[in-house]
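K.L.:
Provided below: work_14.csv, containing CSV, C-alpha atoms.
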chain,number,residue,atom,x,y,z
Q,1,MET,CA,126.7,65.2,64.5
Q,2,LYS,CA,125.2,67.8,62.2
Q,3,VAL,CA,125.2,71.4,63.4
Q,4,ARG,CA,122.7,73.7,61.7
Q,5,GLU,CA,123.9,77.1,60.5
Q,6,HIS,CA,121.8,79.1,63.1
Q,7,GLN,CA,123.2,76.8,65.9
Q,8,ARG,CA,126.9,77.5,65.2
Q,9,GLU,CA,127.3,80.8,66.9
Q,10,PRO,CA,125.5,80.1,70.2
Q,11,LEU,CA,127.1,76.7,70.3
Q,12,ARG,CA,130.6,78.3,69.9
Q,13,ARG,CA,129.9,81.0,72.5
Q,14,ASP,CA,128.6,78.5,75.1
Q,15,LEU,CA,131.5,76.1,74.5
Q,16,LEU,CA,134.0,78.9,74.8
Q,17,LEU,CA,132.4,80.0,78.1
Q,18,GLY,CA,132.4,76.4,79.3
Q,19,PHE,CA,136.1,76.0,78.5
Q,20,ILE,CA,136.9,79.2,80.4
Q,21,LEU,CA,135.0,78.0,83.5
Q,22,LEU,CA,136.6,74.5,83.2
Q,23,ILE,CA,140.1,76.1,83.1
Q,24,LEU,CA,139.4,78.2,86.2
Q,25,LEU,CA,138.0,75.3,88.1
Q,26,MET,CA,141.0,73.1,87.2
Q,27,ALA,CA,143.4,75.8,88.3
Q,28,VAL,CA,141.7,75.7,91.7
Q,29,ILE,CA,141.9,71.9,91.8
Q,30,SER,CA,145.6,72.1,90.9
Q,31,ILE,CA,146.2,74.3,94.0
Q,32,LYS,CA,144.2,72.0,96.2
Q,33,LEU,CA,146.2,68.9,94.9
Q,34,ILE,CA,149.5,70.6,95.5
Q,35,LYS,CA,148.5,71.1,99.2
Q,36,LEU,CA,147.6,67.4,99.7
Q,37,PRO,CA,150.2,64.8,100.8
Q,38,LEU,CA,150.2,63.1,97.4
Q,39,SER,CA,153.1,61.7,95.3
Q,40,VAL,CA,153.6,63.4,92.0
Q,41,PRO,CA,152.1,60.5,90.0
Q,42,MET,CA,149.0,60.3,92.3
Q,43,ALA,CA,148.5,64.1,92.1
Q,44,ALA,CA,148.8,63.9,88.3
Q,45,LEU,CA,146.3,61.0,88.2
Q,46,GLY,CA,143.9,63.0,90.4
Q,47,PHE,CA,144.1,66.0,88.2
Q,48,LEU,CA,143.5,63.9,85.1
Q,49,GLY,CA,140.6,62.1,86.7
Q,50,VAL,CA,138.9,65.4,87.8
Q,51,LEU,CA,139.4,66.8,84.3
Q,52,ILE,CA,138.0,63.7,82.5
Q,53,PHE,CA,134.9,63.4,84.6
Q,54,THR,CA,134.3,67.2,85.0
Q,55,PHE,CA,134.8,68.0,81.3
Q,56,PRO,CA,131.5,66.5,79.9
Q,57,TYR,CA,129.5,67.9,82.8
Q,58,ILE,CA,130.6,71.5,82.6
Q,59,LEU,CA,130.4,71.6,78.8
Q,60,SER,CA,126.9,70.0,78.8
Q,61,ILE,CA,125.5,73.2,80.4
Q,62,ASN,CA,124.8,74.3,76.9
Q,63,PRO,CA,121.3,74.2,75.5
Q,64,THR,CA,122.4,74.2,71.8
Q,65,LEU,CA,124.8,71.3,72.4
Q,66,LEU,CA,122.0,69.3,74.0
Q,67,LYS,CA,119.7,70.0,71.0
Q,68,VAL,CA,122.5,68.8,68.6
Q,69,VAL,CA,123.0,65.6,70.6
Q,70,ARG,CA,119.3,65.0,70.8
Q,71,GLY,CA,119.0,65.4,67.0
Q,72,TYR,CA,121.7,62.8,66.6
Q,73,MET,CA,120.1,60.5,69.0
Q,74,GLU,CA,116.8,60.6,67.1
Q,75,LYS,CA,118.5,59.2,64.1
Q,76,LYS,CA,120.8,56.7,65.9
Q,77,PRO,CA,119.4,55.4,69.2
Q,78,HIS,CA,122.4,53.1,69.9
Q,79,PRO,CA,124.5,55.8,71.7
Q,80,LEU,CA,122.0,55.5,74.6
Q,81,ARG,CA,124.0,52.5,75.7
Q,82,LEU,CA,127.3,54.1,74.7
Q,83,LEU,CA,127.7,56.9,77.2
Q,84,PRO,CA,127.1,54.7,80.4
Q,85,ALA,CA,129.6,52.2,79.0
Q,86,VAL,CA,132.2,54.8,78.3
Q,87,LEU,CA,131.9,56.4,81.7
Q,88,PHE,CA,132.0,53.0,83.4
Q,89,LEU,CA,135.1,52.0,81.5
Q,90,LEU,CA,136.9,55.3,82.2
Q,91,SER,CA,136.0,55.1,85.9
Q,92,GLN,CA,137.3,51.5,86.2
Q,93,LEU,CA,140.6,52.5,84.4
Q,94,TYR,CA,141.0,55.3,86.9
Q,95,LEU,CA,140.3,53.1,89.9
Q,96,SER,CA,142.8,50.5,88.7
Q,97,ALA,CA,145.5,53.1,88.2
Q,98,ALA,CA,144.7,54.7,91.6
Q,99,GLY,CA,144.9,51.3,93.4
Q,100,LEU,CA,141.2,51.6,94.4
Q,101,PHE,CA,139.8,48.7,92.4
Q,102,THR,CA,137.8,46.1,94.2
Q,103,LEU,CA,135.3,43.6,92.9
Q,104,GLN,CA,132.6,45.0,95.2
Q,105,LEU,CA,133.2,48.5,93.8
Q,106,PHE,CA,133.3,47.1,90.3
Q,107,PHE,CA,129.9,45.4,90.5
Q,108,THR,CA,128.3,48.3,92.5
Q,109,ALA,CA,129.5,50.7,89.8
Q,110,ALA,CA,128.3,48.5,87.0
Q,111,VAL,CA,124.8,48.5,88.6
Q,112,TYR,CA,125.0,52.2,89.1
Q,113,CYS,CA,125.9,52.9,85.5
Q,114,PHE,CA,123.7,50.4,83.7
Q,115,LEU,CA,120.5,49.9,85.8
Q,116,PRO,CA,119.5,53.6,85.2
Q,117,MET,CA,120.0,53.0,81.5
Q,118,LEU,CA,117.6,50.1,81.5
Q,119,LEU,CA,115.1,52.1,83.5
Q,120,ILE,CA,115.2,55.1,81.2
Q,121,THR,CA,114.8,52.8,78.2
Q,122,ALA,CA,111.7,51.4,79.9
Q,123,ALA,CA,110.4,54.9,80.7
Q,124,LYS,CA,110.8,55.9,77.1
Q,125,ARG,CA,108.8,52.9,75.9
Q,126,LYS,CA,106.1,53.4,78.4
Q,127,SER,CA,105.2,57.0,77.7
Q,128,PRO,CA,106.7,60.4,76.6
Q,129,SER,CA,105.8,62.0,79.9
Q,130,PHE,CA,107.5,61.5,83.2
Q,131,ASN,CA,106.5,58.1,84.7
Q,132,LEU,CA,107.4,55.6,87.4
Q,133,TYR,CA,110.5,54.4,85.5
Q,134,ASP,CA,111.8,57.9,85.3
Q,135,ALA,CA,111.3,58.3,89.0
Q,136,LEU,CA,113.2,55.1,89.6
Q,137,THR,CA,116.0,56.3,87.4
Q,138,VAL,CA,116.3,59.5,89.5
Q,139,LEU,CA,116.5,57.4,92.7
Q,140,CYS,CA,119.1,55.0,91.3
Q,141,LEU,CA,121.4,57.9,90.3
Q,142,TRP,CA,120.8,59.9,93.5
Q,143,LEU,CA,120.5,57.6,96.5
Q,144,PRO,CA,123.7,55.6,96.1
Q,145,ILE,CA,125.6,58.9,96.2
Q,146,GLU,CA,123.5,60.2,99.1
Q,147,PHE,CA,124.3,57.1,101.2
Q,148,GLY,CA,128.0,56.8,100.2
Q,149,CYS,CA,127.7,53.5,98.4
Q,150,LEU,CA,130.5,54.5,96.0
Q,151,SER,CA,132.5,56.9,98.2
Q,152,ALA,CA,135.6,54.7,97.9
Q,153,ALA,CA,135.9,55.9,94.3
Q,154,SER,CA,137.5,59.2,95.3
Q,155,LEU,CA,139.2,62.0,93.3
Q,156,PRO,CA,142.1,62.3,94.0
Q,157,PRO,CA,143.0,58.8,95.5
Q,158,GLN,CA,142.5,58.6,99.3
Q,159,HIS,CA,141.9,62.4,99.6
Q,160,GLY,CA,138.5,62.8,98.0
Q,161,LEU,CA,137.7,66.3,96.9
Q,162,ILE,CA,134.8,64.8,94.9
Q,163,GLY,CA,133.6,61.3,94.1
Q,164,VAL,CA,134.1,59.8,90.7
Q,165,TYR,CA,130.5,58.6,90.6
Q,166,GLN,CA,129.1,61.9,91.7
Q,167,LEU,CA,130.3,63.3,88.4
Q,168,VAL,CA,129.4,60.2,86.4
Q,169,GLY,CA,125.9,60.3,87.9
Q,170,LEU,CA,125.5,64.0,87.1
Q,171,VAL,CA,126.5,63.5,83.5
Q,172,LEU,CA,124.0,60.6,83.2
Q,173,LEU,CA,121.3,62.6,84.8
Q,174,ILE,CA,121.7,65.4,82.3
Q,175,TYR,CA,121.9,63.0,79.4
Q,176,PHE,CA,119.0,60.8,80.4
Q,177,PHE,CA,116.5,63.6,81.2
Q,178,PHE,CA,117.5,66.5,78.9
Q,179,VAL,CA,118.6,64.5,75.9
Q,180,VAL,CA,116.8,61.1,76.0
Q,181,ARG,CA,113.6,62.0,77.8
Q,182,GLU,CA,113.4,65.7,76.8
Q,183,LEU,CA,112.1,67.2,80.0
Q,184,PRO,CA,110.8,70.8,79.5
Q,185,PRO,CA,113.8,73.1,79.1
Q,186,ALA,CA,115.5,73.8,82.5
Q,187,GLY,CA,117.7,76.6,81.4
Q,188,LEU,CA,121.0,74.7,81.3
Q,189,THR,CA,123.0,77.7,80.3
Q,190,TYR,CA,125.7,79.9,81.8
Q,191,ARG,CA,124.3,83.0,80.2
Q,192,LEU,CA,122.2,84.9,82.8
Q,193,LYS,CA,120.5,88.2,82.2
Q,194,SER,CA,121.0,91.1,84.7
Q,195,LYS,CA,117.3,90.7,85.9
Q,196,GLU,CA,117.9,87.0,86.6
Q,197,ILE,CA,121.0,87.8,88.6
Q,198,GLN,CA,119.1,90.4,90.6
Q,199,LEU,CA,116.4,87.8,91.4
Q,200,SER,CA,119.0,85.4,92.6
Q,201,ILE,CA,120.5,88.0,94.9
Q,202,GLN,CA,117.1,89.1,96.2
Q,203,SER,CA,116.1,85.5,96.9
Q,204,CYS,CA,119.4,84.9,98.8
Q,205,LEU,CA,118.9,88.0,100.9
Q,206,VAL,CA,115.3,87.1,101.9
Q,207,PHE,CA,116.4,83.6,102.8
Q,208,PHE,CA,119.3,84.9,104.9
Q,209,ILE,CA,116.9,87.0,107.0
Q,210,ALA,CA,114.9,83.8,107.8
Q,211,ALA,CA,118.1,81.8,108.3
Q,212,LEU,CA,119.5,84.3,110.8
Q,213,ILE,CA,116.3,84.5,112.8
Q,214,LEU,CA,116.2,80.7,113.1
Q,215,GLY,CA,119.9,79.9,113.1
Q,216,LEU,CA,121.4,82.4,115.5
Q,217,PRO,CA,119.2,81.7,118.6
Q,218,THR,CA,119.7,77.9,118.1
Q,219,GLY,CA,123.4,78.2,117.7
Q,220,PHE,CA,123.3,76.6,114.3
Q,221,ILE,CA,124.8,79.7,112.7
Q,222,ARG,CA,128.0,81.2,114.2
Q,223,LEU,CA,130.2,84.0,112.8
Q,224,SER,CA,133.6,83.0,111.5
Q,225,HIS,CA,136.6,83.8,113.7
Q,226,SER,CA,138.6,85.3,110.8
Q,227,LEU,CA,138.0,86.7,107.3
Q,228,PRO,CA,139.3,84.6,104.4
Q,229,GLY,CA,141.8,85.8,101.8
Q,230,LEU,CA,140.9,86.5,98.2
Q,231,GLY,CA,142.4,83.2,97.0
Q,232,VAL,CA,140.3,81.2,99.5
Q,233,VAL,CA,137.2,83.1,98.5
Q,234,VAL,CA,137.6,82.4,94.8
Q,235,GLY,CA,138.6,78.7,95.4
Q,236,THR,CA,135.7,78.1,97.7
Q,237,LEU,CA,133.1,79.7,95.4
Q,238,LEU,CA,134.3,77.8,92.4
Q,239,THR,CA,134.2,74.4,94.1
Q,240,ILE,CA,130.8,75.1,95.7
Q,241,ALA,CA,129.4,76.3,92.4
Q,242,PHE,CA,130.4,73.2,90.4
Q,243,PHE,CA,130.5,70.4,92.9
Q,244,ILE,CA,127.5,71.4,95.2
Q,245,ALA,CA,125.3,74.2,93.9
Q,246,LEU,CA,124.9,73.4,90.3
Q,247,PRO,CA,124.7,69.5,90.7
Q,248,GLU,CA,122.0,69.8,93.4
Q,249,GLU,CA,120.0,72.3,91.4
Q,250,ILE,CA,120.1,70.2,88.3
Q,251,LEU,CA,118.7,67.3,90.4
Q,252,PHE,CA,116.1,69.1,92.6
Q,253,ARG,CA,115.0,71.9,90.4
Q,254,GLY,CA,116.0,70.9,86.8
Q,255,VAL,CA,114.7,67.3,87.1
Q,256,ILE,CA,112.4,66.8,90.2
Q,257,GLN,CA,110.6,70.2,90.3
Q,258,ASN,CA,110.5,70.4,86.5
Q,259,ALA,CA,109.0,66.9,86.2
Q,260,LEU,CA,106.5,67.5,89.0
Q,261,GLU,CA,105.4,70.8,87.2
Q,262,GLN,CA,104.9,68.7,84.0
Q,263,GLN,CA,102.9,66.1,85.9
Q,264,TRP,CA,100.7,68.6,87.8
Q,265,ALA,CA,100.3,71.1,85.0
Q,266,HIS,CA,96.5,70.8,85.0
Q,267,ARG,CA,96.1,70.9,88.7
Q,268,ALA,CA,95.2,74.1,90.6
Q,269,ASN,CA,98.5,75.8,91.7
Q,270,GLY,CA,100.4,72.8,90.2
Q,271,SER,CA,103.6,74.8,89.8
Q,272,ASN,CA,103.6,76.0,93.4
Q,273,LYS,CA,102.8,72.4,94.7
Q,274,ALA,CA,105.8,71.2,92.6
Q,275,LEU,CA,108.0,73.9,94.2
Q,276,ALA,CA,106.8,72.9,97.7
Q,277,ALA,CA,107.3,69.2,97.1
Q,278,ALA,CA,110.8,69.6,95.7
Q,279,SER,CA,111.8,71.9,98.5
Q,280,LEU,CA,110.5,69.5,101.2
Q,281,LEU,CA,112.5,66.7,99.5
Q,282,PHE,CA,115.5,68.9,99.4
Q,283,GLY,CA,115.2,69.6,103.1
Q,284,LEU,CA,114.9,65.9,104.0
Q,285,ALA,CA,117.9,65.1,101.8
Q,286,HIS,CA,120.0,66.9,104.4
Q,287,ALA,CA,118.7,64.8,107.3
Q,288,ASN,CA,121.9,62.7,107.3
Q,289,ASN,CA,124.0,65.6,108.3
Q,290,HIS,CA,125.5,65.9,111.8
Q,291,ASP,CA,125.0,69.6,112.7
Q,292,ALA,CA,123.4,70.4,116.0
Q,293,PRO,CA,120.8,71.1,117.3
Q,294,PHE,CA,119.2,67.7,117.1
Q,295,LEU,CA,115.9,66.0,117.9
Q,296,ASP,CA,116.7,62.6,119.3
Q,297,TRP,CA,114.3,59.9,118.1
Q,298,ASN,CA,114.5,56.5,119.7
Q,299,LEU,CA,114.2,53.9,116.9
Q,300,GLY,CA,114.3,50.9,119.2
Q,301,SER,CA,116.7,48.2,118.1
Q,302,LEU,CA,118.0,50.6,115.4
Q,303,GLY,CA,119.3,53.0,118.1
Q,304,VAL,CA,118.7,56.7,118.4
Q,305,TRP,CA,118.4,59.0,115.4
Q,306,HIS,CA,119.9,62.4,115.9
Q,307,PHE,CA,117.7,64.4,113.6
Q,308,PRO,CA,119.2,67.8,112.6
Q,309,TRP,CA,115.9,69.7,112.6
Q,310,VAL,CA,117.3,73.2,112.1
Q,311,TYR,CA,119.5,72.0,109.2
Q,312,VAL,CA,116.6,70.3,107.6
Q,313,LEU,CA,114.2,73.2,108.1
Q,314,LEU,CA,116.7,75.7,106.8
Q,315,ALA,CA,117.5,73.5,103.8
Q,316,ALA,CA,113.8,73.3,103.0
Q,317,LEU,CA,113.5,77.1,103.2
Q,318,ALA,CA,116.5,77.4,101.0
Q,319,GLY,CA,114.9,75.0,98.6
Q,320,VAL,CA,111.9,77.3,98.4
Q,321,ALA,CA,114.3,80.2,97.6
Q,322,TYR,CA,116.1,78.2,94.9
Q,323,GLY,CA,112.8,76.8,93.5
Q,324,TRP,CA,111.2,80.3,93.3
Q,325,VAL,CA,114.1,81.6,91.3
Q,326,PHE,CA,113.9,78.6,89.0
Q,327,GLN,CA,110.1,79.1,88.7
Q,328,LYS,CA,110.6,82.8,87.7
Q,329,THR,CA,113.6,82.4,85.4
Q,330,ARG,CA,113.2,78.9,84.1
Q,331,LYS,CA,117.0,78.6,84.4
Q,332,VAL,CA,118.5,76.1,86.7
Q,333,THR,CA,121.7,78.1,86.7
Q,334,ALA,CA,119.9,81.1,88.2
Q,335,ALA,CA,118.8,78.8,91.0
Q,336,ALA,CA,122.3,77.5,91.3
Q,337,LEU,CA,123.6,81.1,91.6
Q,338,THR,CA,121.3,81.7,94.6
Q,339,HIS,CA,122.5,78.3,96.0
Q,340,LEU,CA,126.1,79.4,95.5
Q,341,LEU,CA,125.5,82.8,97.3
Q,342,VAL,CA,123.9,81.0,100.3
Q,343,ASP,CA,126.4,78.2,100.6
Q,344,GLY,CA,129.4,80.5,99.8
Q,345,THR,CA,128.4,83.1,102.4
Q,346,TRP,CA,127.8,80.4,105.0
Q,347,ALA,CA,131.1,78.6,104.3
Q,348,LEU,CA,133.2,81.8,104.3
Q,349,PHE,CA,131.6,84.0,107.0
Q,350,PHE,CA,129.4,81.8,109.2
Q,351,ASN,CA,131.5,78.7,109.8
Q,352,GLY,CA,132.6,79.5,113.3
Can you give me the file's structure in the form of structure tokens?
P.N.:
Amino acid sequence: MKVREHQREPLRRDLLLGFILLILLMAVISIKLIKLPLSVPMAALGFLGVLIFTFPYILSINPTLLKVVRGYMEKKPHPLRLLPAVLFLLSQLYLSAAGLFTLQLFFTAAVYCFLPMLLITAAKRKSPSFNLYDALTVLCLWLPIEFGCLSAASLPPQHGLIGVYQLVGLVLLIYFFFVVRELPPAGLTYRLKSKEIQLSIQSCLVFFIAALILGLPTGFIRLSHSLPGLGVVVGTLLTIAFFIALPEEILFRGVIQNALEQQWAHRANGSNKALAAASLLFGLAHANNHDAPFLDWNLGSLGVWHFPWVYVLLAALAGVAYGWVFQKTRKVTAAALTHLLVDGTWALFFNG
């Protein structure tokens, strides 16, 4: 891949920052692995697995690198099939070594890796703008993870800190939509300006006012019984940042809200409608959680659905906060910072 002269310095800086963050995250993962009841070989395999599948994700948060890869793709389209194949092969090697391989998981993973590739190819042929095939690609990468279809593929084996295919799907999402389909730039960069950080903090504070008003009277939010130590704080924030906040913001703000803005660009208040739609979808995506209070809906022969209405409502409001930050900064990482502040504060101080 050819790197132009003006790209070298920003590419080097962002790669260096990515490597530093990867090292910090892997240090946290190492500590977590040591505390798990794993044999040394399984712990080592878990560490290697997390490293292999986290490496391309963390380093791809680099706008210059994505441009370089895109330029290479324009000249040689065959790598479109290469990345899903490599990720599928690596995942199957891990599952075999970890004793997790089954034929059902093999075929489910094959569909998960290759069906989105076929759909994104069809999307590219249909039109340069976001279309039905793009939407189906998003659903194929998101819903199997949401419903736990591939949860048996855990990292580390039997003690899942993260799912193999959560990371595989995230890499494919970035690749398909920011390299192959070239969605409008979503600010996939770790470099944030002080004003962008201030917006993230302000948005978090405004959301927390609403969250406390709704969450305390309903018993959804409860103060923690003890304050965590510094090590717990750092470890919790890093894992939330890279395994929850940033992945969810890439999906809901970087792809979904971004694509809706593109589609509704000529409508009145199209940007705000895209924010509202993505936030509502984000809220509903949390409807499979089991945090009281519930609304019980009788579904007949299907049983009773315990709908966590406060969780869904707060998640939708949080989506508005994250989406607003993305709208103002055009950086998905700024939205992820707000997400991290919300989830981190909740996990550390309101988990009683």
K.L.:
Kindly give the distance, in Å, that separates CA of Phe326 in chain Q and CA of Leu59 in chain Q, rounded to a single decimal.
P.N.:
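Separation of CA of Phe326 in chain Q and CA of Leu59 in chain Q: 20.6 Å.
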K.L.:
Counting only C-alpha atoms, which of Q:Pro293, Q:Gly46, Q:Pro56, Q:Pro116 gets nearest to Ile221 in chain Q?
P.N.:
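Counting only C-alpha atoms, the residue closest to Ile221 in chain Q is Q:Pro293.
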K.L.:
Residues at most 12 Å from Tyr165 in chain Q, counting all atoms listed in the file, excluding those fewer than 2 positions away in the same chain, as number ranges by chain?
P.N.:
Q: 49-50, 53-54, 84, 87-88, 90-92, 94-95, 105-106, 108-113, 140-146, 148-155, 160, 162-163, 167-173
K.L.:
Pick out the residues sitting within 12 Å of range 38-40 of chain Q, and hand them over as a PyMOL selection string; count all atoms listed in the file, and ignore anything fewer than 2 positions along from it in its own chain.
P.N.:
chain Q and resi 30+32-36+42-47+98+155-160
K.L.:
Hey, which of Q:Gly303, Q:Gly323, Q:Pro308, Q:Pro185 ends up closest to Ala274 in chain Q? Count only C-alpha atoms.
P.N.:
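So, comparing all the options, the nearest one is Q:Gly323.
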K.L.:
Taking only residues of range 70-183 of chain Q that have an atom at most 8 Å from an atom of range 250-255 of chain Q, what is each one's shortest atom pair and its distance in Å to one decimal, using all atoms listed in the file, in chain and number order, as JSON lines?
P.N.:
{"residue": "Q:Leu173", "atom": "CA", "partner": "Q:Leu251", "partner_atom": "CA", "distance": 7.8}
{"residue": "Q:Ile174", "atom": "CA", "partner": "Q:Ile250", "partner_atom": "CA", "distance": 7.8}
{"residue": "Q:Phe177", "atom": "CA", "partner": "Q:Val255", "partner_atom": "CA", "distance": 7.2}
{"residue": "Q:Leu183", "atom": "CA", "partner": "Q:Val255", "partner_atom": "CA", "distance": 7.6}
K.L.:
Could you pull range 251-314 of chain Q out of the structure I just pasted and write it to a file containing C-alpha atoms, as a compact mmCIF listing (two decimals), in the first residue's frame?
P.N.:
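Writing done, so here's out19.txt:
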# COMPACT_ATOMS: atom_id res chain seq x y z
CA LEU Q 251 -22.50 1.19 15.09
CA PHE Q 252 -25.22 3.59 16.22
CA ARG Q 253 -23.64 6.97 15.54
CA GLY Q 254 -20.84 6.24 13.05
CA VAL Q 255 -22.92 4.01 10.78
CA ILE Q 256 -26.66 4.26 11.55
CA GLN Q 257 -27.03 7.97 12.44
CA ASN Q 258 -24.43 8.90 9.84
CA ALA Q 259 -26.21 6.92 7.09
CA LEU Q 260 -29.62 8.34 8.03
CA GLU Q 261 -28.19 11.86 7.89
CA GLN Q 262 -26.92 11.09 4.40
CA GLN Q 263 -30.32 9.71 3.33
CA TRP Q 264 -32.33 12.56 4.86
CA ALA Q 265 -29.94 15.37 3.97
CA HIS Q 266 -32.55 17.16 1.83
CA ARG Q 267 -35.40 16.81 4.32
CA ALA Q 268 -36.34 19.51 6.79
CA ASN Q 269 -34.47 18.85 10.06
CA GLY Q 270 -33.01 15.71 8.49
CA SER Q 271 -30.03 15.69 10.84
CA ASN Q 272 -32.20 15.93 13.95
CA LYS Q 273 -34.55 13.23 12.64
CA ALA Q 274 -31.55 10.96 12.10
CA LEU Q 275 -30.41 11.65 15.66
CA ALA Q 276 -33.88 10.84 17.03
CA ALA Q 277 -34.21 7.64 14.99
CA ALA Q 278 -30.76 6.36 15.96
CA SER Q 279 -31.43 7.20 19.62
CA LEU Q 280 -34.77 5.36 19.61
CA LEU Q 281 -33.14 2.33 18.01
CA PHE Q 282 -30.35 2.51 20.59
CA GLY Q 283 -32.90 2.54 23.40
CA LEU Q 284 -34.84 -0.42 22.00
CA ALA Q 285 -31.59 -2.35 21.59
CA HIS Q 286 -31.48 -2.49 25.39
CA ALA Q 287 -34.92 -4.11 25.69
CA ASN Q 288 -33.35 -7.55 26.20
CA ASN Q 289 -31.77 -6.49 29.51
CA HIS Q 290 -33.11 -7.74 32.83
CA ASP Q 291 -32.99 -4.67 35.05
CA ALA Q 292 -36.13 -3.72 37.00
CA PRO Q 293 -38.56 -2.00 36.95
CA PHE Q 294 -40.51 -3.85 34.27
CA LEU Q 295 -43.73 -3.54 32.35
CA ASP Q 296 -45.15 -7.04 31.98
CA TRP Q 297 -46.65 -7.68 28.55
CA ASN Q 298 -48.61 -10.90 28.04
CA LEU Q 299 -47.68 -12.34 24.64
CA GLY Q 300 -50.05 -15.27 24.78
CA SER Q 301 -48.41 -18.58 23.96
CA LEU Q 302 -45.02 -16.84 23.87
CA GLY Q 303 -45.28 -16.06 27.58
CA VAL Q 304 -44.82 -12.77 29.42
CA TRP Q 305 -42.29 -10.17 28.26
CA HIS Q 306 -40.73 -8.29 31.15
CA PHE Q 307 -40.03 -5.00 29.37
CA PRO Q 308 -37.37 -2.92 31.21
CA TRP Q 309 -39.01 0.40 30.47
CA VAL Q 310 -36.74 2.61 32.58
CA TYR Q 311 -33.61 1.03 31.11
CA VAL Q 312 -34.92 1.50 27.55
CA LEU Q 313 -36.01 5.09 28.20
CA LEU Q 314 -32.70 6.03 29.81
